[in-house]
$ cat entry21.txt   # compact mmCIF, C-alpha atoms
# COMPACT_ATOMS: atom_id res chain seq x y z
CA MET A 1 0.00 0.00 0.00
CA LYS A 2 2.90 2.42 0.85
CA THR A 3 4.65 1.51 -2.41
CA LEU A 4 1.45 2.30 -4.28
CA ASP A 5 1.12 5.68 -2.47
CA LYS A 6 4.76 6.63 -3.27
CA ALA A 7 4.23 5.77 -6.93
CA GLY A 8 1.06 7.98 -6.93
CA GLN A 9 2.97 10.87 -5.28
CA VAL A 10 5.73 10.69 -7.91
CA GLY A 11 3.11 10.80 -10.69
CA LEU A 12 1.36 13.73 -9.07
CA THR A 13 4.65 15.63 -8.63
CA ILE A 14 5.51 15.14 -12.32
CA THR A 15 2.06 16.47 -13.31
CA TRP A 16 2.50 19.57 -11.06
CA ILE A 17 5.97 20.26 -12.51
CA THR A 18 4.51 20.11 -16.03
CA ALA A 19 1.64 22.41 -14.98
CA PHE A 20 4.14 24.81 -13.37
CA ILE A 21 6.18 24.98 -16.58
CA VAL A 22 3.02 25.61 -18.66
CA ILE A 23 1.77 28.37 -16.29
CA PHE A 24 5.27 29.91 -16.15
CA VAL A 25 5.41 30.10 -19.97
CA ILE A 26 1.90 31.66 -20.01
CA MET A 27 3.04 34.30 -17.49
CA LEU A 28 6.17 35.07 -19.51
CA ILE A 29 4.05 35.60 -22.62
CA PHE A 30 1.65 37.77 -20.59
CA ILE A 31 4.42 39.96 -19.17
CA SER A 32 6.20 40.41 -22.49
CA MET A 33 2.96 41.32 -24.30
CA SER A 34 1.97 43.74 -21.52
CA PHE A 35 5.31 45.55 -21.81
CA SER A 36 5.03 45.76 -25.58
CA LEU A 37 1.58 47.35 -25.27
CA ILE A 38 2.70 49.82 -22.57
CA GLY A 39 5.60 50.88 -24.80
CA ASN A 40 3.17 52.29 -27.39
CA LYS A 41 1.53 54.59 -24.86
CA ARG A 42 4.57 56.11 -23.21
CA LEU A 43 4.65 59.90 -23.68
CA SER A 44 7.97 60.64 -22.00
CA GLY A 45 11.37 60.08 -23.59
CA GLU A 46 12.69 60.90 -27.02
CA LYS A 47 10.60 58.53 -29.10
CA ASN A 48 7.26 60.19 -28.45
CA PHE A 49 6.61 63.92 -28.56
CA ILE A 50 3.95 66.41 -29.51
CA GLU A 51 4.78 68.52 -32.53
CA ILE A 52 3.51 72.07 -32.78
CA SER A 53 3.38 73.70 -36.20
CA GLU A 54 6.13 76.23 -36.84
CA ARG A 55 3.77 78.50 -38.76
CA LYS A 56 3.37 81.71 -36.78
CA ASP A 57 0.12 82.93 -38.30
CA SER A 58 -3.10 80.99 -38.69
CA GLY A 59 -3.20 81.05 -42.48
CA ALA A 60 -6.59 81.86 -43.93
CA LEU A 61 -7.97 83.38 -40.73
CA ASP A 62 -4.98 85.69 -40.40
CA ASN A 63 -5.35 86.79 -44.03
CA GLN A 64 -9.06 87.33 -43.65
CA ARG A 65 -8.56 89.58 -40.63
CA LYS A 66 -5.96 91.59 -42.53
CA LEU A 67 -8.44 91.98 -45.39
CA PHE A 68 -11.17 93.27 -43.05
CA PHE A 69 -8.65 95.67 -41.52
CA LEU A 70 -7.58 96.83 -44.97
CA LEU A 71 -11.14 97.45 -46.22
CA GLY A 72 -12.02 99.40 -43.07
CA SER A 73 -8.85 101.52 -43.09
CA ILE A 74 -9.39 105.28 -43.35
CA THR A 75 -7.64 107.02 -46.22
CA GLU A 76 -6.25 110.55 -46.39
CA SER A 77 -9.58 111.70 -47.81
CA LYS A 78 -11.25 110.36 -44.60
CA GLU A 79 -12.98 107.53 -46.45
CA THR A 80 -12.66 103.80 -45.98
CA ILE A 81 -10.93 101.73 -48.67
CA LYS A 82 -14.24 99.86 -49.09
CA ASP A 83 -16.12 103.10 -49.87
CA LEU A 84 -13.39 104.18 -52.28
CA ILE A 85 -13.77 100.89 -54.16
CA PHE A 86 -17.54 101.47 -54.38
CA LYS A 87 -16.93 105.03 -55.60
CA TRP A 88 -14.52 103.79 -58.23
CA LYS A 89 -17.03 101.24 -59.55
CA LEU A 90 -19.89 103.76 -59.48
CA SER A 91 -17.96 106.46 -61.33
CA ASP A 92 -15.49 104.32 -63.30
CA ASP A 93 -13.04 107.12 -62.56
CA GLU A 94 -9.40 106.18 -63.19
CA LEU A 95 -8.22 108.78 -60.66
CA ILE A 96 -10.17 107.06 -57.87
CA LYS A 97 -8.72 103.73 -59.00
CA GLU A 98 -5.22 105.18 -58.72
CA GLU A 99 -6.03 106.56 -55.27
CA VAL A 100 -7.21 103.11 -54.15
CA GLU A 101 -4.02 101.52 -55.48
CA ILE A 102 -1.78 104.04 -53.71
CA GLU A 103 -3.65 103.74 -50.41
CA ILE A 104 -3.73 99.92 -50.45
CA THR A 105 -0.04 99.66 -51.40
CA SER A 106 0.85 101.98 -48.54
CA ILE A 107 -1.13 99.92 -45.99
CA LEU A 108 0.19 96.60 -47.30
CA GLU A 109 3.80 97.80 -47.21
CA ASN A 110 3.31 98.37 -43.48
CA LEU A 111 1.55 95.03 -43.02
CA LYS A 112 4.20 92.87 -44.65
CA LYS A 113 6.89 93.94 -42.10
CA ASP A 114 10.18 92.05 -42.44
CA SER A 115 9.48 89.59 -45.19
CA GLY A 116 6.65 88.52 -47.38
CA CYS A 117 4.58 89.62 -50.27
CA TYR A 118 1.01 90.60 -50.89
CA LEU A 119 -1.75 90.39 -53.43
CA PHE A 120 -4.94 92.41 -53.80
CA VAL A 121 -7.42 92.01 -56.62
CA ALA A 122 -10.86 93.63 -56.94
CA ASP A 123 -13.52 93.84 -59.62
CA TYR A 124 -17.02 92.70 -60.54
CA ASP A 125 -15.66 89.35 -61.63
CA VAL A 126 -11.93 88.92 -61.25
CA SER A 127 -11.81 85.73 -63.27
CA LYS A 128 -13.25 87.34 -66.40
CA SER A 129 -12.06 90.92 -66.73
CA PRO A 130 -8.34 91.01 -66.05
CA GLU A 131 -7.64 94.27 -67.87
CA GLU A 132 -9.85 96.43 -65.69
CA TYR A 133 -9.59 95.29 -62.10
CA ILE A 134 -7.39 96.63 -59.33
CA TRP A 135 -4.38 94.38 -59.31
CA ILE A 136 -1.67 94.97 -56.76
CA SER A 137 1.03 92.45 -56.01
CA ASN A 138 4.49 92.44 -54.57
CA GLU A 139 6.64 89.63 -55.97
CA ILE A 140 3.92 87.07 -55.39
CA ASN A 141 5.21 83.53 -55.74
CA LYS A 142 3.78 81.45 -58.57
CA ASP A 143 2.90 78.70 -56.08
CA TYR A 144 0.12 80.92 -54.79
CA LEU A 145 -1.59 81.60 -58.04
CA GLU A 146 -1.76 80.03 -61.43
CA PHE A 147 -2.48 81.71 -64.73
CA VAL A 148 -4.69 79.48 -66.82
CA GLY A 149 -5.21 80.83 -70.28
CA GLU A 150 -5.42 84.56 -70.82
CA GLY A 151 -5.98 86.37 -67.56
CA TYR A 152 -7.77 83.57 -65.72
CA LEU A 153 -6.47 83.04 -62.20
CA VAL A 154 -6.51 80.12 -59.80
CA PHE A 155 -5.65 81.00 -56.22
CA GLU A 156 -4.21 78.94 -53.42
CA LYS A 157 -6.59 78.24 -50.52
CA GLU A 158 -5.05 80.68 -48.03
CA ILE A 159 -6.00 83.61 -50.23
CA SER A 160 -9.05 85.29 -48.72
CA LYS A 161 -12.06 85.92 -50.91
CA LEU A 162 -14.87 88.31 -50.19
CA ASP A 163 -17.87 89.68 -52.06
CA LEU A 164 -18.74 93.32 -51.45
CA PHE A 165 -22.40 94.12 -52.13
CA PHE A 166 -23.82 97.49 -53.16
CA ASN A 167 -26.69 98.68 -55.38
CA ASN A 168 -27.68 95.07 -56.10
CA GLN A 169 -24.19 94.46 -57.52
CA GLU A 170 -21.19 92.64 -56.12
CA ILE A 171 -17.45 93.16 -56.28
CA ASN A 172 -15.11 90.19 -55.86
CA VAL A 173 -12.10 90.88 -53.67
CA MET A 174 -9.12 88.57 -53.30
CA PHE A 175 -6.32 89.12 -50.85
CA TYR A 176 -3.12 87.51 -49.60
CA SER A 177 -0.40 88.82 -47.33
CA GLY A 178 2.43 86.76 -45.88
CA LYS A 179 5.29 84.52 -46.85
CA CYS A 180 5.76 83.63 -50.47
CA MET B 1 -7.84 2.69 -6.51
CA LEU B 2 -4.49 4.15 -7.63
CA LYS B 3 -5.82 5.11 -11.10
CA LEU B 4 -8.76 6.93 -9.52
CA LYS B 5 -6.47 9.04 -7.26
CA ASN B 6 -4.25 10.08 -10.22
CA LYS B 7 -7.26 11.10 -12.34
CA LYS B 8 -8.58 13.41 -9.57
CA GLY B 9 -5.15 15.06 -9.32
CA GLU B 10 -4.88 15.61 -13.11
CA ILE B 11 -8.34 17.22 -13.39
CA SER B 12 -7.59 19.88 -10.74
CA ILE B 13 -4.26 20.72 -12.42
CA ILE B 14 -5.84 20.96 -15.87
CA VAL B 15 -8.59 23.22 -14.48
CA LEU B 16 -5.89 25.46 -12.91
CA VAL B 17 -3.94 25.74 -16.16
CA VAL B 18 -7.07 26.42 -18.24
CA LEU B 19 -8.31 29.10 -15.81
CA THR B 20 -4.87 30.77 -15.77
CA LEU B 21 -4.87 30.77 -19.57
CA MET B 22 -8.37 32.29 -19.68
CA ILE B 23 -7.53 35.09 -17.19
CA VAL B 24 -4.31 35.97 -19.02
CA SER B 25 -6.06 35.94 -22.42
CA ALA B 26 -8.90 38.14 -21.17
CA THR B 27 -6.46 40.62 -19.61
CA LEU B 28 -4.34 40.83 -22.77
CA PHE B 29 -7.48 41.28 -24.89
CA THR B 30 -8.54 44.23 -22.70
CA PHE B 31 -5.05 45.76 -22.95
CA ILE B 32 -5.07 45.52 -26.74
CA GLN B 33 -8.52 47.06 -26.94
CA ASN B 34 -7.53 50.00 -24.71
CA SER B 35 -4.25 50.62 -26.52
CA GLU B 36 -6.24 51.24 -29.75
CA GLY B 37 -8.26 53.97 -28.01
CA ALA B 38 -5.20 55.65 -26.56
CA GLN B 39 -3.82 56.56 -29.99
CA THR B 40 -5.47 59.97 -30.25
CA LYS B 41 -4.26 62.92 -32.26
CA ILE B 42 -3.76 66.23 -30.53
CA TYR B 43 -4.74 69.21 -32.68
CA ASN B 44 -3.79 72.82 -32.21
CA ALA B 45 -6.30 75.64 -32.44
CA GLU B 46 -6.24 75.40 -36.24
CA PHE B 47 -9.15 72.98 -36.21
CA VAL B 48 -11.63 75.69 -35.18
CA GLN B 49 -10.34 78.08 -37.83
CA GLY B 50 -13.10 77.30 -40.31
CA PHE B 51 -15.67 78.05 -37.65
CA TYR B 52 -14.17 81.46 -36.85
CA LEU B 53 -13.74 82.28 -40.55
CA LYS B 54 -17.49 81.97 -41.05
CA GLN B 55 -18.39 83.86 -37.91
CA GLU B 56 -16.16 86.78 -38.92
CA TYR B 57 -17.62 86.86 -42.44
CA ALA B 58 -21.10 87.04 -40.90
CA GLU B 59 -19.97 89.87 -38.60
CA PHE B 60 -18.42 91.75 -41.52
CA TYR B 61 -21.64 91.68 -43.56
CA LEU B 62 -23.81 92.57 -40.57
CA LYS B 63 -21.53 95.52 -39.80
CA GLN B 64 -21.62 96.76 -43.38
CA ALA B 65 -25.41 96.43 -43.62
CA GLY B 66 -25.85 97.95 -40.15
CA GLU B 67 -23.78 101.03 -40.94
CA ASN B 68 -25.63 101.61 -44.20
CA ALA B 69 -28.97 101.13 -42.44
CA ILE B 70 -28.02 103.67 -39.76
CA ALA B 71 -26.95 106.28 -42.32
CA LYS B 72 -30.18 105.80 -44.27
CA ALA B 73 -32.34 105.92 -41.12
CA TYR B 74 -30.49 109.06 -40.00
CA MET B 75 -31.16 110.80 -43.30
CA GLU B 76 -34.82 109.78 -43.24
CA VAL B 77 -35.26 111.11 -39.69
CA VAL B 78 -33.52 114.37 -40.61
CA ASN B 79 -35.54 114.89 -43.82
CA SER B 80 -38.84 114.11 -42.12
CA GLU B 81 -37.84 116.31 -39.14
CA LYS B 82 -38.99 113.54 -36.81
CA TYR B 83 -36.11 114.27 -34.44
CA LEU B 84 -38.00 117.37 -33.30
CA LYS B 85 -40.69 117.49 -30.68
CA SER B 86 -44.21 117.99 -32.11
CA PRO B 87 -45.70 120.33 -33.07
CA VAL B 88 -42.91 121.44 -35.38
CA LYS B 89 -42.69 125.20 -35.97
CA TYR B 90 -41.03 127.20 -38.74
CA ASP B 91 -39.82 130.79 -39.07
CA PRO B 92 -41.00 132.95 -42.02
CA ASN B 93 -38.07 131.64 -44.11
CA LYS B 94 -39.18 128.00 -43.56
CA ASN B 95 -36.33 127.26 -41.17
CA VAL B 96 -37.41 124.71 -38.58
CA TRP B 97 -37.16 125.60 -34.89
CA PHE B 98 -35.07 123.20 -32.78
CA ASN B 99 -36.33 123.53 -29.21
CA SER B 100 -36.56 119.97 -27.90
CA LEU B 101 -35.99 116.41 -29.06
CA ASN B 102 -38.84 114.07 -29.88
CA GLU B 103 -39.48 111.96 -26.73
CA ASN B 104 -39.97 108.84 -28.86
CA LEU B 105 -36.90 109.46 -31.02
CA GLU B 106 -34.94 106.39 -29.87
CA LYS B 107 -37.84 104.03 -30.51
CA LEU B 108 -38.59 105.68 -33.83
CA PHE B 109 -34.96 105.53 -34.96
CA ILE B 110 -34.67 101.86 -34.04
CA GLU B 111 -37.82 100.99 -36.01
CA GLN B 112 -36.46 102.87 -39.02
CA PHE B 113 -33.12 101.09 -38.61
CA LYS B 114 -34.75 97.64 -38.48
CA GLU B 115 -36.64 98.26 -41.71
CA ASN B 116 -33.52 99.50 -43.51
CA PHE B 117 -31.38 96.72 -42.08
CA ARG B 118 -33.72 94.00 -43.38
CA GLU B 119 -33.83 95.70 -46.78
CA GLU B 120 -30.04 96.10 -46.96
CA ILE B 121 -29.27 92.47 -46.04
CA GLY B 122 -32.06 91.36 -48.38
CA ASN B 123 -30.11 92.88 -51.29
CA TYR B 124 -26.98 90.83 -50.55
CA ASP B 125 -26.78 87.91 -52.93
CA PHE B 126 -25.08 85.37 -50.67
CA LYS B 127 -23.99 82.02 -52.10
CA GLU B 128 -22.97 80.24 -48.90
CA GLU B 129 -25.65 78.41 -46.89
CA TYR B 130 -24.72 79.89 -43.51
CA LEU B 131 -24.98 83.42 -44.94
CA LYS B 132 -28.36 82.60 -46.49
CA ASP B 133 -29.39 81.43 -43.02
CA LEU B 134 -28.13 84.74 -41.63
CA LYS B 135 -30.22 86.60 -44.20
CA ASN B 136 -33.32 84.62 -43.19
CA GLN B 137 -32.73 85.39 -39.52
CA ILE B 138 -32.55 89.11 -40.25
CA SER B 139 -35.64 89.06 -42.46
CA GLU B 140 -37.53 87.24 -39.67
CA GLU B 141 -36.19 89.83 -37.22
CA ASN B 142 -34.42 87.26 -35.02
CA PHE B 143 -32.11 89.91 -33.58
CA LYS B 144 -32.19 92.58 -30.91
CA ILE B 145 -31.09 96.16 -31.34
CA ASP B 146 -31.05 98.83 -28.67
CA TYR B 147 -29.12 101.86 -27.46
CA SER B 148 -26.24 101.05 -25.13
CA LYS B 149 -27.02 101.98 -21.52
CA GLU B 150 -23.41 103.00 -20.93
CA ASN B 151 -23.02 105.09 -24.09
CA PRO B 152 -25.98 106.74 -25.86
CA GLU B 153 -23.81 107.14 -28.98
CA VAL B 154 -23.77 103.37 -29.47
CA LEU B 155 -26.40 101.04 -30.91
CA ARG B 156 -25.92 97.42 -29.83
CA LEU B 157 -27.01 94.53 -32.04
CA VAL B 158 -27.32 90.98 -30.70
CA LEU B 159 -27.97 87.97 -32.90
CA ASN B 160 -28.15 84.50 -31.37
CA GLY B 161 -28.46 81.03 -32.80
CA LEU B 162 -26.61 81.33 -36.10
CA GLU B 163 -25.61 77.74 -36.88
CA LEU B 164 -22.09 77.45 -38.26
CA LYS B 165 -20.33 74.36 -39.55
CA GLY B 166 -16.59 73.97 -39.90
CA SER B 167 -14.30 71.08 -40.76
CA PHE B 168 -10.66 70.20 -40.27
CA GLU B 169 -9.20 66.99 -41.72
CA GLU B 170 -11.70 64.27 -40.72
CA MET B 171 -13.40 66.34 -38.01
CA ASN B 172 -16.65 68.24 -38.45
CA ILE B 173 -17.49 71.04 -36.06
CA THR B 174 -20.99 72.37 -35.65
CA GLY B 175 -21.84 75.19 -33.32
CA SER B 176 -24.29 77.93 -32.61
CA SER B 177 -22.75 81.37 -32.70
CA GLY B 178 -23.71 84.53 -30.87
CA ILE B 179 -22.88 87.81 -32.62
CA PHE B 180 -22.61 91.09 -30.72
CA LEU B 181 -21.98 94.27 -32.69
CA ASN B 182 -21.68 97.89 -31.59
CA PHE B 183 -22.53 100.70 -33.99
CA ASP B 184 -20.99 103.92 -32.76
CA PHE B 185 -22.48 107.02 -34.43
CA ARG B 186 -19.14 108.83 -34.09
CA LYS B 187 -17.14 106.04 -35.71
CA ILE B 188 -19.65 105.85 -38.57
CA GLY B 189 -19.11 109.58 -39.19
CA LEU B 190 -22.23 110.98 -37.51
CA HIS B 191 -23.43 112.14 -34.08
CA SER B 192 -26.58 111.09 -32.27
CA PHE B 193 -29.44 113.59 -32.19
CA LYS B 194 -29.04 113.77 -28.43
CA GLU B 195 -25.44 114.92 -28.90
CA ILE B 196 -26.53 117.53 -31.46
CA TYR B 197 -29.14 118.81 -28.99
CA GLU B 198 -26.53 119.02 -26.21
CA ALA B 199 -24.12 120.85 -28.56
CA LYS B 200 -26.86 123.36 -29.42
CA GLU B 201 -27.54 123.98 -25.72
CA PHE B 202 -23.83 124.29 -24.95
CA CYS B 203 -23.08 126.67 -27.84
CA ARG B 204 -26.06 128.93 -27.14
CA ASP B 205 -24.00 131.33 -25.02
CA ILE B 206 -20.69 130.95 -26.84
CA VAL B 207 -19.64 133.88 -29.02
CA ASN B 208 -18.02 131.87 -31.84
CA LYS B 209 -20.85 129.43 -32.45
CA LYS B 210 -19.43 127.91 -35.66
CA GLU B 211 -16.21 126.91 -33.91
CA CYS B 212 -18.19 125.67 -30.92
CA PHE B 213 -20.37 123.40 -33.06
CA GLU B 214 -17.37 122.07 -34.97
CA ILE B 215 -15.52 121.26 -31.76
CA LYS B 216 -18.52 119.56 -30.17
CA LEU B 217 -19.56 117.78 -33.38
CA VAL B 218 -16.30 116.83 -35.05
CA ASN B 219 -17.95 114.78 -37.80
CA PHE B 220 -19.88 117.78 -39.09
CA GLU B 221 -18.99 121.04 -40.79
CA ALA B 222 -21.02 123.86 -39.30
CA ASP B 223 -22.33 127.04 -40.79
CA VAL B 224 -23.94 129.49 -38.35
CA SER B 225 -25.65 132.75 -39.26
CA GLU B 226 -27.87 135.24 -37.47
CA SER B 227 -31.54 135.40 -38.34
CA GLU B 228 -33.07 138.52 -39.84
CA ASP B 229 -34.50 139.65 -36.50
CA LYS B 230 -31.06 139.17 -34.85
CA ASN B 231 -32.66 137.22 -32.02
CA SER B 232 -31.84 133.71 -33.17
CA PHE B 233 -29.27 131.68 -35.09
CA ILE B 234 -29.60 129.47 -38.15
CA VAL B 235 -27.33 126.42 -38.06
CA ALA B 236 -26.52 124.18 -41.02
CA LEU B 237 -24.65 120.99 -40.16
CA THR B 238 -23.20 118.87 -42.96
CA SER B 239 -21.46 115.54 -42.45
CA LYS B 240 -17.82 115.46 -43.55
CA LYS B 241 -18.25 111.91 -44.74
CA GLU B 242 -20.32 110.81 -47.71
CA PHE B 243 -22.67 107.85 -47.22
CA LEU B 244 -23.87 105.39 -49.83
CA ILE B 245 -27.64 105.89 -49.66
CA GLU B 246 -29.99 104.72 -52.40
CA GLY B 247 -27.06 104.01 -54.69
CA VAL B 248 -25.53 107.48 -54.43
CA PHE B 249 -22.74 108.79 -52.24
CA GLN B 250 -24.11 111.83 -50.42
CA LYS B 251 -23.50 113.95 -47.36
CA ILE B 252 -26.14 114.20 -44.65
CA SER B 253 -27.24 117.75 -43.82
CA LEU B 254 -29.58 119.21 -41.25
CA LYS B 255 -30.57 122.82 -40.82
CA PHE B 256 -32.41 124.42 -37.90
CA ILE B 257 -32.97 127.71 -36.10
CA PHE B 258 -32.58 128.26 -32.35
CA ASN B 259 -32.29 131.08 -29.84
$ encode --input "entry21.txt" --output "structure tokens"
Amino acid sequence: MKTLDKAGQVGLTITWITAFIVIFVIMLIFISMSFSLIGNKRLSGEKNFIEISERKDSGALDNQRKLFFLLGSITESKETIKDLIFKWKLSDDELIKEEVEIEITSILENLKKDSGCYLFVADYDVSKSPEEYIWISNEINKDYLEFVGEGYLVFEKEISKLDLFFNNQEINVMFYSGKC
Amino acid sequence: MLKLKNKKGEISIIVLVVLTLMIVSATLFTFIQNSEGAQTKIYNAEFVQGFYLKQEYAEFYLKQAGENAIAKAYMEVVNSEKYLKSPVKYDPNKNVWFNSLNENLEKLFIEQFKENFREEIGNYDFKEEYLKDLKNQISEENFKIDYSKENPEVLRLVLNGLELKGSFEEMNITGSSGIFLNFDFRKIGLHSFKEIYEAKEFCRDIVNKKECFEIKLVNFEADVSESEDKNSFIVALTSKKEFLIEGVFQKISLKFIFN
């Protein structure tokens, strides 16, 4: 009976050792997989970091605000640029057009500061009547606009567009100021 | 007997191993699931840019329409002489006497403004949906306009509930915007009727009345002359700025007599 018990204990011990090895391997797999998953979520150290855009302005919004500022600026004749544009279109007077060009150039020269270029276009339909509209630019890079055919323009998305309404008519305005 | 003992031992060990395997598998499954959710992009403020772009466009058009509506309402009130207290009296040369302001002037001016404002915005041929929505809100008079309590030279417009939609990469942003605009008579190039009345009262006893009016009312050019009976003064005030009213740029003028 004792011999039989000893033989049973040996068998049981062998089974436990096997089970221990199996559980140990499972644990090793568990630990290694856990570490690999934690590694993806670590925010400290050199591998993971948050990148902030180097661009100092906010693109289209910044341009749009400059355009609103420009249109509301008071000229030497105590009128806003916007009203001068309306006057020019109402009278078709070349002298008013010249005044608008001089005033806008002066404001934009102050806006561009250290570096950059600017673009200002205004007319009833800037894509169709290139000879007539107010066209002011300062070394604008070709990446920002594309000439397709004779006088037709395609603008990059950061260029601000605005329709000015008066007397049931509208004037298209396009504007860009910044790096080229 | 021996075989039975061994079988009992094996079953408990197998159950232990299987349970361990199940717990470990379930835990790892949860970890994998959570690690997917933790990979989130962090955006800078650029993602709300489209939203602000639209709000500022809406403000620009409201400001333009509001300023035009004020200039038109101002001219209408001047031409109809509704700024004066009834009954209105004239001298033999048809100059109107300016003694007191109409008690209901503020209410009257605001009503005139609202009508002009709706008409002005109604003429804007917007193509974008959110601006068409803005136009509808104005035509349905879903806005408030009143004189500022702090500054009687300022009209304050409040428009709530303009729905704006913006997008950035794969994100869509929808929000309801509140627009608050101040229309300052002085910044537009005018002065409120109350300020004109106060200037008239102040300049009554001043010797150089023209200079007095032009100092008190900087947006106007003044012309002051004595009446024929030498007991009163005729004042002509003309705005320095021209306003686009009914398709024509014109100055706003008002003329009155006082003593």
$ residues_around --input "entry21.txt" --residues "stretch 228-240 of chain B" --least-positions-apart "5" --cutoff "7 Å" --atoms "all atoms listed in the file" --output "list of chain:residue names"
B:Leu190, B:Asn219, B:Phe220, B:Glu221, B:Ala222, B:Asp223, B:Lys251, B:Ile252, B:Ser253, B:Leu254, B:Lys255, B:Phe256, B:Ile257, B:Phe258, B:Asn259
$ residues_around --input "entry21.txt" --residues "B:Pro152" --least-positions-apart "3" --cutoff "12 Å" --atoms "only C-alpha atoms" --output "list in words"
Glu106, Asp146, Tyr147, Ser148, Lys149, Leu155, Arg156, Asn182, Phe183, Asp184, Phe185, Arg186, His191, Ser192, Phe193, Lys194 and Glu195 of chain B
$ atom_distance --input "entry21.txt" --atom1 "atom CA of B:Gln250" --atom2 "atom CA of B:Val77"
15.5 Å
$ closest_residue --input "entry21.txt" --among "B:Ala73, B:Ile121, B:Leu101, B:Ile196" --to "chain A" --atoms "all atoms listed in the file"
B:Ile121
$ interface_residues --input "entry21.txt" --of "chain A" --to "chain B" --cutoff "9 Å" --atoms "only C-alpha atoms" --output "MDAnalysis selection string"
chainID A and resid 4:5 7:9 11:12 15:16 19:20 22:23 26:27 30 33:34 37:38 40:41 50 52:53 58:61 64:65 68 78:79 83 86:87 90 162:170
$ write_last_selection --input "entry21.txt" --atoms "C-alpha atoms" --output "short mmCIF file (atom, residue, chain, number, x, y, z; two decimals), keeping the file's coordinate frame"
data_model
loop_
_atom_site.label_atom_id
_atom_site.label_comp_id
_atom_site.auth_asym_id
_atom_site.auth_seq_id
_atom_site.Cartn_x
_atom_site.Cartn_y
_atom_site.Cartn_z
CA LEU A 4 1.45 2.30 -4.28
CA ASP A 5 1.12 5.68 -2.47
CA ALA A 7 4.23 5.77 -6.93
CA GLY A 8 1.06 7.98 -6.93
CA GLN A 9 2.97 10.87 -5.28
CA GLY A 11 3.11 10.80 -10.69
CA LEU A 12 1.36 13.73 -9.07
CA THR A 15 2.06 16.47 -13.31
CA TRP A 16 2.50 19.57 -11.06
CA ALA A 19 1.64 22.41 -14.98
CA PHE A 20 4.14 24.81 -13.37
CA VAL A 22 3.02 25.61 -18.66
CA ILE A 23 1.77 28.37 -16.29
CA ILE A 26 1.90 31.66 -20.01
CA MET A 27 3.04 34.30 -17.49
CA PHE A 30 1.65 37.77 -20.59
CA MET A 33 2.96 41.32 -24.30
CA SER A 34 1.97 43.74 -21.52
CA LEU A 37 1.58 47.35 -25.27
CA ILE A 38 2.70 49.82 -22.57
CA ASN A 40 3.17 52.29 -27.39
CA LYS A 41 1.53 54.59 -24.86
CA ILE A 50 3.95 66.41 -29.51
CA ILE A 52 3.51 72.07 -32.78
CA SER A 53 3.38 73.70 -36.20
CA SER A 58 -3.10 80.99 -38.69
CA GLY A 59 -3.20 81.05 -42.48
CA ALA A 60 -6.59 81.86 -43.93
CA LEU A 61 -7.97 83.38 -40.73
CA GLN A 64 -9.06 87.33 -43.65
CA ARG A 65 -8.56 89.58 -40.63
CA PHE A 68 -11.17 93.27 -43.05
CA LYS A 78 -11.25 110.36 -44.60
CA GLU A 79 -12.98 107.53 -46.45
CA ASP A 83 -16.12 103.10 -49.87
CA PHE A 86 -17.54 101.47 -54.38
CA LYS A 87 -16.93 105.03 -55.60
CA LEU A 90 -19.89 103.76 -59.48
CA LEU A 162 -14.87 88.31 -50.19
CA ASP A 163 -17.87 89.68 -52.06
CA LEU A 164 -18.74 93.32 -51.45
CA PHE A 165 -22.40 94.12 -52.13
CA PHE A 166 -23.82 97.49 -53.16
CA ASN A 167 -26.69 98.68 -55.38
CA ASN A 168 -27.68 95.07 -56.10
CA GLN A 169 -24.19 94.46 -57.52
CA GLU A 170 -21.19 92.64 -56.12
#
$ closest_residue --input "entry21.txt" --among "B:Gln55, B:Glu128, B:Glu153, B:Phe213" --to "B:Ile188" --atoms "only C-alpha atoms"
B:Glu153
$ atom_distance --input "entry21.txt" --atom1 "atom CA of B:Tyr74" --atom2 "atom CA of B:Glu211"
23.7 Å
$ residues_around --input "entry21.txt" --residues "stretch 197-205 of chain B" --least-positions-apart "4" --cutoff "6 Å" --atoms "all atoms listed in the file" --output "ChimeraX atom specification"
/B:209,212,216
$ atom_distance --input "entry21.txt" --atom1 "atom CA of B:Gly175" --atom2 "atom CA of B:Val158"
16.9 Å
$ closest_residue --input "entry21.txt" --among "B:Leu108, B:Val88, B:Ile145, B:Val48" --to "B:Thr174" --atoms "all atoms listed in the file"
B:Val48
$ axis_aligned_box --input "entry21.txt" --around "stretch 104-122 of chain B" --padding-each-side "8 Å" --output "lines of an AutoDock Vina configuration file"
center_x = -34.6
center_y = 100.4
center_z = -38.6
size_x = 26.7
size_y = 34.1
size_z = 35.5
$ residues_around --input "entry21.txt" --residues "A:Thr75" --least-positions-apart "6" --cutoff "9 Å" --atoms "all atoms listed in the file" --output "list in words"
Ile81, Leu84, Val100 and Glu103 of chain A
$ closest_residue --input "entry21.txt" --among "B:Ile215, B:Leu84, B:Ala69, B:Leu162" --to "B:Lys132" --atoms "all atoms listed in the file"
B:Leu162
